[in-house]
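Data file: final07.cif. Format and content: mmCIF, N, CA and C atoms.
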```cif
data_start
#
loop_
_atom_site.label_atom_id
_atom_site.label_comp_id
_atom_site.auth_asym_id
_atom_site.auth_seq_id
_atom_site.Cartn_x
_atom_site.Cartn_y
_atom_site.Cartn_z
N MET C 1 -0.40 -8.06 -22.13
CA MET C 1 -0.43 -8.57 -20.78
C MET C 1 -1.87 -8.50 -20.28
N ARG C 2 -2.40 -9.63 -19.80
CA ARG C 2 -3.75 -9.67 -19.27
C ARG C 2 -3.69 -9.33 -17.79
N LEU C 3 -4.54 -8.42 -17.36
CA LEU C 3 -4.53 -7.92 -16.00
C LEU C 3 -5.63 -8.58 -15.19
N ASN C 4 -5.29 -9.21 -14.08
CA ASN C 4 -6.27 -9.76 -13.17
C ASN C 4 -6.71 -8.62 -12.26
N LEU C 5 -7.85 -8.02 -12.57
CA LEU C 5 -8.26 -6.80 -11.87
C LEU C 5 -8.53 -7.02 -10.39
N SER C 6 -9.10 -8.16 -10.01
CA SER C 6 -9.37 -8.35 -8.59
C SER C 6 -8.07 -8.50 -7.82
N ALA C 7 -7.09 -9.18 -8.38
CA ALA C 7 -5.79 -9.30 -7.71
C ALA C 7 -5.11 -7.95 -7.64
N CYS C 8 -5.20 -7.18 -8.71
CA CYS C 8 -4.57 -5.84 -8.71
C CYS C 8 -5.23 -4.93 -7.70
N ALA C 9 -6.55 -4.94 -7.65
CA ALA C 9 -7.25 -4.07 -6.72
C ALA C 9 -6.90 -4.40 -5.28
N ALA C 10 -6.82 -5.68 -4.97
CA ALA C 10 -6.45 -6.07 -3.61
C ALA C 10 -4.99 -5.72 -3.32
N ALA C 11 -4.15 -5.82 -4.32
CA ALA C 11 -2.73 -5.52 -4.13
C ALA C 11 -2.47 -4.04 -3.92
N LEU C 12 -3.46 -3.23 -4.17
CA LEU C 12 -3.28 -1.80 -4.04
C LEU C 12 -2.96 -1.36 -2.62
N SER C 13 -2.97 -2.29 -1.69
CA SER C 13 -2.64 -1.89 -0.33
C SER C 13 -1.18 -1.53 -0.17
N ALA C 14 -0.34 -1.94 -1.06
CA ALA C 14 1.05 -1.51 -1.01
C ALA C 14 1.05 -0.02 -1.37
N PRO C 15 1.35 0.86 -0.43
CA PRO C 15 1.11 2.29 -0.60
C PRO C 15 1.70 2.93 -1.84
N ALA C 16 2.91 2.62 -2.18
CA ALA C 16 3.47 3.25 -3.37
C ALA C 16 2.75 2.78 -4.62
N LEU C 17 2.29 1.55 -4.63
CA LEU C 17 1.59 1.02 -5.79
C LEU C 17 0.19 1.61 -5.92
N LEU C 18 -0.39 2.00 -4.81
CA LEU C 18 -1.72 2.59 -4.85
C LEU C 18 -1.83 3.66 -5.91
N THR C 19 -0.98 4.62 -5.82
CA THR C 19 -1.07 5.76 -6.71
C THR C 19 -0.72 5.40 -8.13
N VAL C 20 0.22 4.51 -8.30
CA VAL C 20 0.60 4.09 -9.64
C VAL C 20 -0.59 3.51 -10.38
N LEU C 21 -1.30 2.61 -9.74
CA LEU C 21 -2.41 1.96 -10.42
C LEU C 21 -3.66 2.82 -10.46
N TRP C 22 -3.83 3.74 -9.50
CA TRP C 22 -4.97 4.66 -9.59
C TRP C 22 -4.84 5.52 -10.83
N ALA C 23 -3.60 5.83 -11.17
CA ALA C 23 -3.35 6.70 -12.31
C ALA C 23 -3.21 5.90 -13.60
N ALA C 24 -3.46 4.60 -13.53
CA ALA C 24 -3.35 3.74 -14.70
C ALA C 24 -4.38 4.16 -15.75
N PRO C 25 -4.23 3.67 -16.94
CA PRO C 25 -5.18 4.02 -18.00
C PRO C 25 -6.62 3.73 -17.59
N ALA C 26 -7.52 4.48 -18.16
CA ALA C 26 -8.93 4.37 -17.80
C ALA C 26 -9.48 2.97 -17.99
N THR C 27 -8.86 2.15 -18.83
CA THR C 27 -9.35 0.80 -19.04
C THR C 27 -9.28 -0.02 -17.77
N ALA C 28 -8.37 0.29 -16.87
CA ALA C 28 -8.25 -0.48 -15.64
C ALA C 28 -9.37 -0.12 -14.67
N GLN C 29 -9.76 1.18 -14.60
CA GLN C 29 -10.85 1.65 -13.75
C GLN C 29 -10.77 1.10 -12.33
N MET C 30 -9.63 1.24 -11.72
CA MET C 30 -9.48 0.82 -10.33
C MET C 30 -9.39 2.07 -9.48
N GLY C 31 -9.85 1.97 -8.27
CA GLY C 31 -9.75 3.09 -7.36
C GLY C 31 -9.00 2.68 -6.12
N PRO C 32 -8.78 3.63 -5.24
CA PRO C 32 -8.08 3.32 -4.00
C PRO C 32 -8.93 2.41 -3.13
N PRO C 33 -8.28 1.67 -2.26
CA PRO C 33 -9.06 0.83 -1.35
C PRO C 33 -9.86 1.71 -0.40
N LYS C 34 -10.98 1.23 0.05
CA LYS C 34 -11.82 1.99 0.97
C LYS C 34 -11.16 1.93 2.35
N LEU C 35 -10.64 3.07 2.76
CA LEU C 35 -9.98 3.13 4.06
C LEU C 35 -10.98 3.26 5.20
N ASP C 36 -12.00 4.09 5.01
CA ASP C 36 -13.02 4.30 6.05
C ASP C 36 -14.05 3.18 5.94
N GLN C 37 -13.74 2.06 6.52
CA GLN C 37 -14.55 0.86 6.34
C GLN C 37 -15.93 0.95 6.97
N ASN C 38 -16.07 1.71 8.06
CA ASN C 38 -17.38 1.80 8.69
C ASN C 38 -18.16 3.05 8.29
N GLY C 39 -17.57 3.88 7.42
CA GLY C 39 -18.27 5.04 6.88
C GLY C 39 -18.53 6.16 7.87
N ASP C 40 -17.73 6.25 8.93
CA ASP C 40 -17.97 7.29 9.93
C ASP C 40 -17.23 8.59 9.66
N GLY C 41 -16.53 8.68 8.53
CA GLY C 41 -15.85 9.91 8.17
C GLY C 41 -14.43 10.03 8.70
N LYS C 42 -13.96 9.00 9.38
CA LYS C 42 -12.58 9.00 9.85
C LYS C 42 -12.00 7.60 9.71
N VAL C 43 -10.69 7.55 9.59
CA VAL C 43 -10.00 6.27 9.41
C VAL C 43 -9.14 6.03 10.63
N LEU C 44 -9.51 5.04 11.41
CA LEU C 44 -8.72 4.63 12.55
C LEU C 44 -7.60 3.72 12.07
N TYR C 45 -6.57 3.54 12.89
CA TYR C 45 -5.46 2.70 12.47
C TYR C 45 -5.91 1.28 12.17
N THR C 46 -6.87 0.75 12.90
CA THR C 46 -7.33 -0.62 12.62
C THR C 46 -7.87 -0.73 11.20
N GLU C 47 -8.59 0.29 10.74
CA GLU C 47 -9.11 0.29 9.37
C GLU C 47 -7.96 0.41 8.37
N TYR C 48 -7.04 1.30 8.67
CA TYR C 48 -5.87 1.51 7.79
C TYR C 48 -5.04 0.24 7.69
N ARG C 49 -4.82 -0.41 8.83
CA ARG C 49 -4.03 -1.65 8.85
C ARG C 49 -4.71 -2.73 8.00
N THR C 50 -6.02 -2.85 8.09
CA THR C 50 -6.73 -3.84 7.29
C THR C 50 -6.51 -3.58 5.81
N ALA C 51 -6.62 -2.32 5.40
CA ALA C 51 -6.45 -1.97 3.99
C ALA C 51 -5.01 -2.13 3.52
N ASN C 52 -4.07 -2.05 4.42
CA ASN C 52 -2.66 -2.13 4.06
C ASN C 52 -2.07 -3.50 4.35
N VAL C 53 -1.97 -3.86 5.59
CA VAL C 53 -1.28 -5.09 5.98
C VAL C 53 -2.06 -6.33 5.57
N ASP C 54 -3.31 -6.41 5.99
CA ASP C 54 -4.09 -7.61 5.73
C ASP C 54 -4.27 -7.87 4.23
N LYS C 55 -4.61 -6.82 3.49
CA LYS C 55 -4.81 -6.98 2.04
C LYS C 55 -3.49 -7.29 1.33
N THR C 56 -2.39 -6.71 1.80
CA THR C 56 -1.10 -7.00 1.19
C THR C 56 -0.77 -8.48 1.36
N LEU C 57 -0.92 -8.98 2.56
CA LEU C 57 -0.63 -10.40 2.79
C LEU C 57 -1.61 -11.29 2.03
N GLN C 58 -2.87 -10.94 2.07
CA GLN C 58 -3.88 -11.73 1.39
C GLN C 58 -3.58 -11.86 -0.11
N THR C 59 -3.10 -10.79 -0.69
CA THR C 59 -2.89 -10.76 -2.14
C THR C 59 -1.51 -11.20 -2.57
N LEU C 60 -0.49 -10.70 -1.91
CA LEU C 60 0.87 -10.94 -2.39
C LEU C 60 1.49 -12.23 -1.85
N ASP C 61 1.05 -12.70 -0.72
CA ASP C 61 1.63 -13.91 -0.12
C ASP C 61 1.06 -15.15 -0.81
N SER C 62 1.54 -15.41 -2.00
CA SER C 62 0.96 -16.48 -2.81
C SER C 62 1.17 -17.87 -2.22
N ASP C 63 2.25 -18.09 -1.47
CA ASP C 63 2.46 -19.40 -0.86
C ASP C 63 1.85 -19.49 0.54
N LYS C 64 1.20 -18.42 0.99
CA LYS C 64 0.47 -18.36 2.26
C LYS C 64 1.31 -18.78 3.46
N ASN C 65 2.56 -18.29 3.48
CA ASN C 65 3.44 -18.59 4.61
C ASN C 65 3.51 -17.45 5.62
N GLY C 66 2.66 -16.42 5.45
CA GLY C 66 2.60 -15.33 6.41
C GLY C 66 3.59 -14.21 6.16
N GLN C 67 4.26 -14.23 5.03
CA GLN C 67 5.19 -13.16 4.68
C GLN C 67 5.24 -13.01 3.17
N VAL C 68 5.72 -11.85 2.73
CA VAL C 68 5.85 -11.57 1.31
C VAL C 68 7.32 -11.66 0.94
N SER C 69 7.64 -12.62 0.10
CA SER C 69 9.02 -12.79 -0.36
C SER C 69 9.35 -11.73 -1.40
N ARG C 70 10.62 -11.57 -1.68
CA ARG C 70 11.02 -10.61 -2.72
C ARG C 70 10.43 -11.01 -4.07
N ALA C 71 10.40 -12.30 -4.36
CA ALA C 71 9.83 -12.76 -5.63
C ALA C 71 8.35 -12.43 -5.72
N GLU C 72 7.62 -12.61 -4.63
CA GLU C 72 6.19 -12.27 -4.63
C GLU C 72 6.00 -10.76 -4.81
N PHE C 73 6.80 -9.98 -4.13
CA PHE C 73 6.73 -8.53 -4.23
C PHE C 73 7.09 -8.04 -5.63
N ASP C 74 8.10 -8.67 -6.23
CA ASP C 74 8.57 -8.23 -7.55
C ASP C 74 7.51 -8.37 -8.64
N LYS C 75 6.55 -9.27 -8.46
CA LYS C 75 5.45 -9.38 -9.43
C LYS C 75 4.66 -8.07 -9.47
N ILE C 76 4.39 -7.51 -8.30
CA ILE C 76 3.65 -6.26 -8.23
C ILE C 76 4.54 -5.08 -8.61
N ALA C 77 5.80 -5.14 -8.20
CA ALA C 77 6.73 -4.07 -8.56
C ALA C 77 6.86 -3.98 -10.08
N GLY C 78 6.84 -5.11 -10.75
CA GLY C 78 6.89 -5.11 -12.22
C GLY C 78 5.66 -4.43 -12.81
N MET C 79 4.51 -4.65 -12.20
CA MET C 79 3.29 -4.01 -12.65
C MET C 79 3.38 -2.50 -12.44
N ALA C 80 3.95 -2.10 -11.30
CA ALA C 80 4.13 -0.66 -11.03
C ALA C 80 5.03 -0.05 -12.08
N ARG C 81 6.09 -0.74 -12.44
CA ARG C 81 7.02 -0.25 -13.46
C ARG C 81 6.29 -0.10 -14.80
N THR C 82 5.47 -1.08 -15.14
CA THR C 82 4.72 -1.04 -16.40
C THR C 82 3.79 0.17 -16.45
N PHE C 83 3.07 0.42 -15.36
CA PHE C 83 2.10 1.51 -15.35
C PHE C 83 2.70 2.86 -15.00
N GLY C 84 3.75 2.86 -14.16
CA GLY C 84 4.23 4.12 -13.64
C GLY C 84 5.65 4.51 -14.00
N GLY C 85 6.36 3.64 -14.72
CA GLY C 85 7.70 3.98 -15.16
C GLY C 85 8.75 3.97 -14.05
N ALA C 86 9.82 4.70 -14.30
CA ALA C 86 11.00 4.67 -13.43
C ALA C 86 10.70 5.21 -12.03
N ARG C 87 9.89 6.25 -11.92
CA ARG C 87 9.60 6.79 -10.58
C ARG C 87 8.80 5.81 -9.76
N ALA C 88 7.86 5.13 -10.39
CA ALA C 88 7.08 4.12 -9.67
C ALA C 88 7.97 2.96 -9.25
N GLU C 89 8.87 2.59 -10.13
CA GLU C 89 9.81 1.52 -9.80
C GLU C 89 10.69 1.93 -8.61
N ALA C 90 11.14 3.17 -8.61
CA ALA C 90 11.96 3.67 -7.50
C ALA C 90 11.15 3.70 -6.20
N ALA C 91 9.88 4.08 -6.29
CA ALA C 91 9.03 4.10 -5.11
C ALA C 91 8.83 2.69 -4.56
N MET C 92 8.67 1.72 -5.45
CA MET C 92 8.52 0.33 -5.01
C MET C 92 9.81 -0.17 -4.36
N SER C 93 10.95 0.19 -4.91
CA SER C 93 12.23 -0.20 -4.31
C SER C 93 12.37 0.40 -2.92
N GLN C 94 11.98 1.67 -2.79
CA GLN C 94 12.03 2.33 -1.49
C GLN C 94 11.08 1.65 -0.51
N LEU C 95 9.89 1.30 -0.97
CA LEU C 95 8.92 0.61 -0.13
C LEU C 95 9.52 -0.70 0.38
N TRP C 96 10.17 -1.44 -0.50
CA TRP C 96 10.80 -2.70 -0.09
C TRP C 96 11.86 -2.44 0.97
N ARG C 97 12.75 -1.49 0.71
CA ARG C 97 13.85 -1.22 1.64
C ARG C 97 13.35 -0.79 3.01
N THR C 98 12.32 0.03 3.04
CA THR C 98 11.84 0.52 4.33
C THR C 98 10.96 -0.49 5.05
N THR C 99 10.39 -1.43 4.34
CA THR C 99 9.53 -2.42 4.99
C THR C 99 10.31 -3.65 5.43
N ASP C 100 11.21 -4.17 4.59
CA ASP C 100 12.03 -5.32 4.99
C ASP C 100 13.17 -4.80 5.88
N SER C 101 12.80 -4.40 7.08
CA SER C 101 13.74 -3.70 7.96
C SER C 101 14.90 -4.56 8.43
N ASN C 102 14.72 -5.86 8.51
CA ASN C 102 15.83 -6.70 8.94
C ASN C 102 16.65 -7.25 7.77
N GLY C 103 16.25 -6.92 6.55
CA GLY C 103 17.02 -7.30 5.36
C GLY C 103 17.09 -8.79 5.09
N ASP C 104 16.08 -9.54 5.54
CA ASP C 104 16.11 -10.99 5.33
C ASP C 104 15.49 -11.45 4.02
N GLY C 105 15.05 -10.51 3.20
CA GLY C 105 14.50 -10.87 1.89
C GLY C 105 13.01 -11.17 1.90
N SER C 106 12.33 -10.84 2.98
CA SER C 106 10.88 -10.99 3.01
C SER C 106 10.29 -9.94 3.94
N MET C 107 9.01 -9.65 3.71
CA MET C 107 8.28 -8.73 4.57
C MET C 107 7.37 -9.57 5.46
N SER C 108 7.66 -9.57 6.74
CA SER C 108 6.82 -10.30 7.69
C SER C 108 5.61 -9.45 8.04
N ARG C 109 4.63 -10.08 8.67
CA ARG C 109 3.47 -9.31 9.14
C ARG C 109 3.93 -8.20 10.08
N SER C 110 4.84 -8.51 10.95
CA SER C 110 5.35 -7.51 11.90
C SER C 110 5.98 -6.32 11.17
N GLU C 111 6.79 -6.60 10.16
CA GLU C 111 7.42 -5.51 9.39
C GLU C 111 6.38 -4.70 8.63
N LEU C 112 5.39 -5.38 8.06
CA LEU C 112 4.32 -4.67 7.35
C LEU C 112 3.54 -3.79 8.31
N GLU C 113 3.25 -4.30 9.51
CA GLU C 113 2.52 -3.51 10.49
C GLU C 113 3.32 -2.29 10.95
N THR C 114 4.62 -2.48 11.18
CA THR C 114 5.47 -1.36 11.61
C THR C 114 5.50 -0.27 10.54
N ALA C 115 5.67 -0.67 9.29
CA ALA C 115 5.71 0.30 8.19
C ALA C 115 4.35 0.98 8.02
N SER C 116 3.28 0.21 8.15
CA SER C 116 1.94 0.76 8.02
C SER C 116 1.65 1.77 9.14
N LYS C 117 2.04 1.45 10.35
CA LYS C 117 1.83 2.36 11.48
C LYS C 117 2.64 3.64 11.31
N ARG C 118 3.84 3.50 10.78
CA ARG C 118 4.69 4.68 10.53
C ARG C 118 4.01 5.60 9.51
N ARG C 119 3.48 5.03 8.41
CA ARG C 119 2.80 5.84 7.40
C ARG C 119 1.54 6.49 7.97
N PHE C 120 0.80 5.74 8.78
CA PHE C 120 -0.41 6.28 9.40
C PHE C 120 -0.05 7.46 10.30
N ASP C 121 0.97 7.30 11.12
CA ASP C 121 1.38 8.37 12.03
C ASP C 121 1.82 9.63 11.29
N VAL C 122 2.50 9.44 10.17
CA VAL C 122 2.90 10.60 9.36
C VAL C 122 1.65 11.30 8.80
N ALA C 123 0.69 10.51 8.36
CA ALA C 123 -0.53 11.08 7.77
C ALA C 123 -1.41 11.77 8.82
N ASP C 124 -1.36 11.30 10.05
CA ASP C 124 -2.20 11.85 11.13
C ASP C 124 -1.58 13.15 11.64
N SER C 125 -1.69 14.19 10.85
CA SER C 125 -0.99 15.44 11.12
C SER C 125 -1.45 16.13 12.40
N ASN C 126 -2.70 15.95 12.80
CA ASN C 126 -3.17 16.58 14.03
C ASN C 126 -3.05 15.66 15.25
N ARG C 127 -2.51 14.49 15.06
CA ARG C 127 -2.22 13.53 16.14
C ARG C 127 -3.44 13.17 16.99
N ASP C 128 -4.60 13.04 16.32
CA ASP C 128 -5.80 12.67 17.07
C ASP C 128 -6.11 11.17 16.99
N GLY C 129 -5.24 10.41 16.33
CA GLY C 129 -5.43 8.96 16.25
C GLY C 129 -6.36 8.51 15.14
N ALA C 130 -6.76 9.44 14.28
CA ALA C 130 -7.65 9.12 13.16
C ALA C 130 -7.29 10.02 11.99
N LEU C 131 -7.54 9.52 10.80
CA LEU C 131 -7.33 10.32 9.60
C LEU C 131 -8.67 10.84 9.12
N ASP C 132 -8.73 12.16 8.91
CA ASP C 132 -9.94 12.73 8.31
C ASP C 132 -9.72 12.83 6.80
N LYS C 133 -10.71 13.33 6.10
CA LYS C 133 -10.63 13.40 4.63
C LYS C 133 -9.45 14.24 4.16
N THR C 134 -9.18 15.32 4.87
CA THR C 134 -8.06 16.20 4.49
C THR C 134 -6.73 15.47 4.64
N GLU C 135 -6.57 14.73 5.73
CA GLU C 135 -5.32 14.00 5.95
C GLU C 135 -5.15 12.87 4.94
N VAL C 136 -6.24 12.18 4.62
CA VAL C 136 -6.18 11.11 3.61
C VAL C 136 -5.81 11.71 2.26
N ALA C 137 -6.42 12.84 1.90
CA ALA C 137 -6.11 13.49 0.63
C ALA C 137 -4.64 13.91 0.57
N ALA C 138 -4.13 14.46 1.66
CA ALA C 138 -2.72 14.88 1.70
C ALA C 138 -1.79 13.67 1.58
N MET C 139 -2.14 12.57 2.24
CA MET C 139 -1.35 11.35 2.16
C MET C 139 -1.31 10.84 0.71
N ARG C 140 -2.44 10.82 0.07
CA ARG C 140 -2.50 10.33 -1.31
C ARG C 140 -1.75 11.26 -2.26
N GLN C 141 -1.79 12.55 -1.98
CA GLN C 141 -1.03 13.51 -2.79
C GLN C 141 0.47 13.25 -2.65
N ARG C 142 0.93 12.98 -1.44
CA ARG C 142 2.35 12.66 -1.23
C ARG C 142 2.72 11.38 -1.98
N GLN C 143 1.83 10.40 -1.98
CA GLN C 143 2.10 9.15 -2.69
C GLN C 143 2.17 9.40 -4.19
N ARG C 144 1.26 10.22 -4.70
CA ARG C 144 1.31 10.54 -6.14
C ARG C 144 2.59 11.26 -6.49
N ALA C 145 3.02 12.18 -5.65
CA ALA C 145 4.25 12.92 -5.90
C ALA C 145 5.46 11.98 -5.90
N ALA C 146 5.44 10.99 -5.02
CA ALA C 146 6.56 10.04 -4.93
C ALA C 146 6.67 9.18 -6.17
N THR C 147 5.53 8.87 -6.79
CA THR C 147 5.55 8.00 -7.96
C THR C 147 5.48 8.77 -9.27
N GLY C 148 5.29 10.08 -9.20
CA GLY C 148 5.24 10.88 -10.41
C GLY C 148 3.92 10.82 -11.14
N ASN C 149 2.87 10.42 -10.47
CA ASN C 149 1.54 10.32 -11.09
C ASN C 149 0.59 11.30 -10.49
#
```
Show the structure stored in the file as structure tokens.
Amino acid sequence: MRLNLSACAAALSAPALLTVLWAAPATAQMGPPKLDQNGDGKVLYTEYRTANVDKTLQTLDSDKNGQVSRAEFDKIAGMARTFGGARAEAAMSQLWRTTDSNGDGSMSRSELETASKRRFDVADSNRDGALDKTEVAAMRQRQRAATGN
């Protein structure tokens, strides 16, 4: 299977997939998306949303209709399964279930933003409206634990 690295790197905004592909074989050499876009040492929700919602739509919405269909999502979920096995596949299934909140078979921008904000709020343990390095590290550790990587 030939891997399109730029598409994979951009697709890493899907949180459960992030950890799966970060832990991929060294040949892939992909890292997490840069959350702190302005380099000030903290991640505001606007930065987090860009790395999650905007990149997810940009990468996965292949027909550019403003939402991610199940078929579009399953392409990435298959990659997660390839790299991360059953736990990664389960994490992707959970991501789908919690993001497609109305069960219509697609993830709208609104649903992606709601899910992204929920993850951000969980990660913001001190409730100051920004993620510091410790909070980002803890969030990524939880993601790795969820996918078994």
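Nearest to Asp40 of chain C of all the residues C:Leu131, C:Phe120, C:Gln141, C:Gly85 is C:Leu131, based on only C-alpha atoms.
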Problem - Residues selected by the PyMOL selection byres (((chain C and resi 119 and name CA) around 12) and name CA), written as a PyMOL selection string - result: chain C and resi 14-16+45+48-49+52-53+95+98-99+112-118+120-125+131+135-136+139-140+142-143
Exercise for the section: Mind listing the strand (DSSP E or B) residues of segment 24-139 of chain C, per DSSP on the backbone, as a list of chain:residue names? Expected result: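 Selecting the strand (DSSP E or B) positions of segment 24-139 of chain C gives C:Val43, C:Leu44, C:Gln67, C:Val68, C:Ser69, C:Ser106, C:Met107, C:Ser108, C:Ala130, C:Leu131.
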Fill in the blank from the handout: Among C:Lys42, C:Thr147, C:Leu35, C:Thr50, Phe83 of chain C is approached most closely, using only C-alpha atoms, by C:Thr147
Problem - Interatomic distance (Å, one decimal) between atom CA of Arg97 of chain C and atom CA of Asp74 of chain C - result: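 Here the two named atoms are 12.7 Å from each other.
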Exercise for the section: Provide the atom CA of Thr82 of chain C to atom CA of Asp63 of chain C distance in Å, to one decimal place. Expected result: 24.2 Å
Hey, what's within 7 Å of segment 105-111 of chain C if we count all atoms listed in the file and toss same-chain stuff fewer than 5 positions away? As a PDB file with N, CA and C atoms, in the frame of the given file, please?
```pdb
ATOM      1  N   GLY C  66       2.660 -16.420   5.450  1.00  0.00           N
ATOM      2  CA  GLY C  66       2.600 -15.330   6.410  1.00  0.00           C
ATOM      3  C   GLY C  66       3.590 -14.210   6.160  1.00  0.00           C
ATOM      4  N   GLN C  67       4.260 -14.230   5.030  1.00  0.00           N
ATOM      5  CA  GLN C  67       5.190 -13.160   4.680  1.00  0.00           C
ATOM      6  C   GLN C  67       5.240 -13.010   3.170  1.00  0.00           C
ATOM      7  N   VAL C  68       5.720 -11.850   2.730  1.00  0.00           N
ATOM      8  CA  VAL C  68       5.850 -11.570   1.310  1.00  0.00           C
ATOM      9  C   VAL C  68       7.320 -11.660   0.940  1.00  0.00           C
ATOM     10  N   SER C  69       7.640 -12.620   0.100  1.00  0.00           N
ATOM     11  CA  SER C  69       9.020 -12.790  -0.360  1.00  0.00           C
ATOM     12  C   SER C  69       9.350 -11.730  -1.400  1.00  0.00           C
ATOM     13  N   ARG C  70      10.620 -11.570  -1.680  1.00  0.00           N
ATOM     14  CA  ARG C  70      11.020 -10.610  -2.720  1.00  0.00           C
ATOM     15  C   ARG C  70      10.430 -11.010  -4.070  1.00  0.00           C
ATOM     16  N   ALA C  71      10.400 -12.300  -4.360  1.00  0.00           N
ATOM     17  CA  ALA C  71       9.830 -12.760  -5.630  1.00  0.00           C
ATOM     18  C   ALA C  71       8.350 -12.430  -5.720  1.00  0.00           C
ATOM     19  N   THR C  99      10.390  -1.430   4.340  1.00  0.00           N
ATOM     20  CA  THR C  99       9.530  -2.420   4.990  1.00  0.00           C
ATOM     21  C   THR C  99      10.310  -3.650   5.430  1.00  0.00           C
ATOM     22  N   ASP C 100      11.210  -4.170   4.590  1.00  0.00           N
ATOM     23  CA  ASP C 100      12.030  -5.320   4.990  1.00  0.00           C
ATOM     24  C   ASP C 100      13.170  -4.800   5.880  1.00  0.00           C
ATOM     25  N   SER C 116       3.280   0.210   8.150  1.00  0.00           N
ATOM     26  CA  SER C 116       1.940   0.760   8.020  1.00  0.00           C
ATOM     27  C   SER C 116       1.650   1.770   9.140  1.00  0.00           C
TER      28      SER C 116
END
```
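Residue nearest Asp132 of chain C, chosen from C:Ala86, C:Val43, C:Ala146, C:Met79 and counting all atoms listed in the file: C:Val43.
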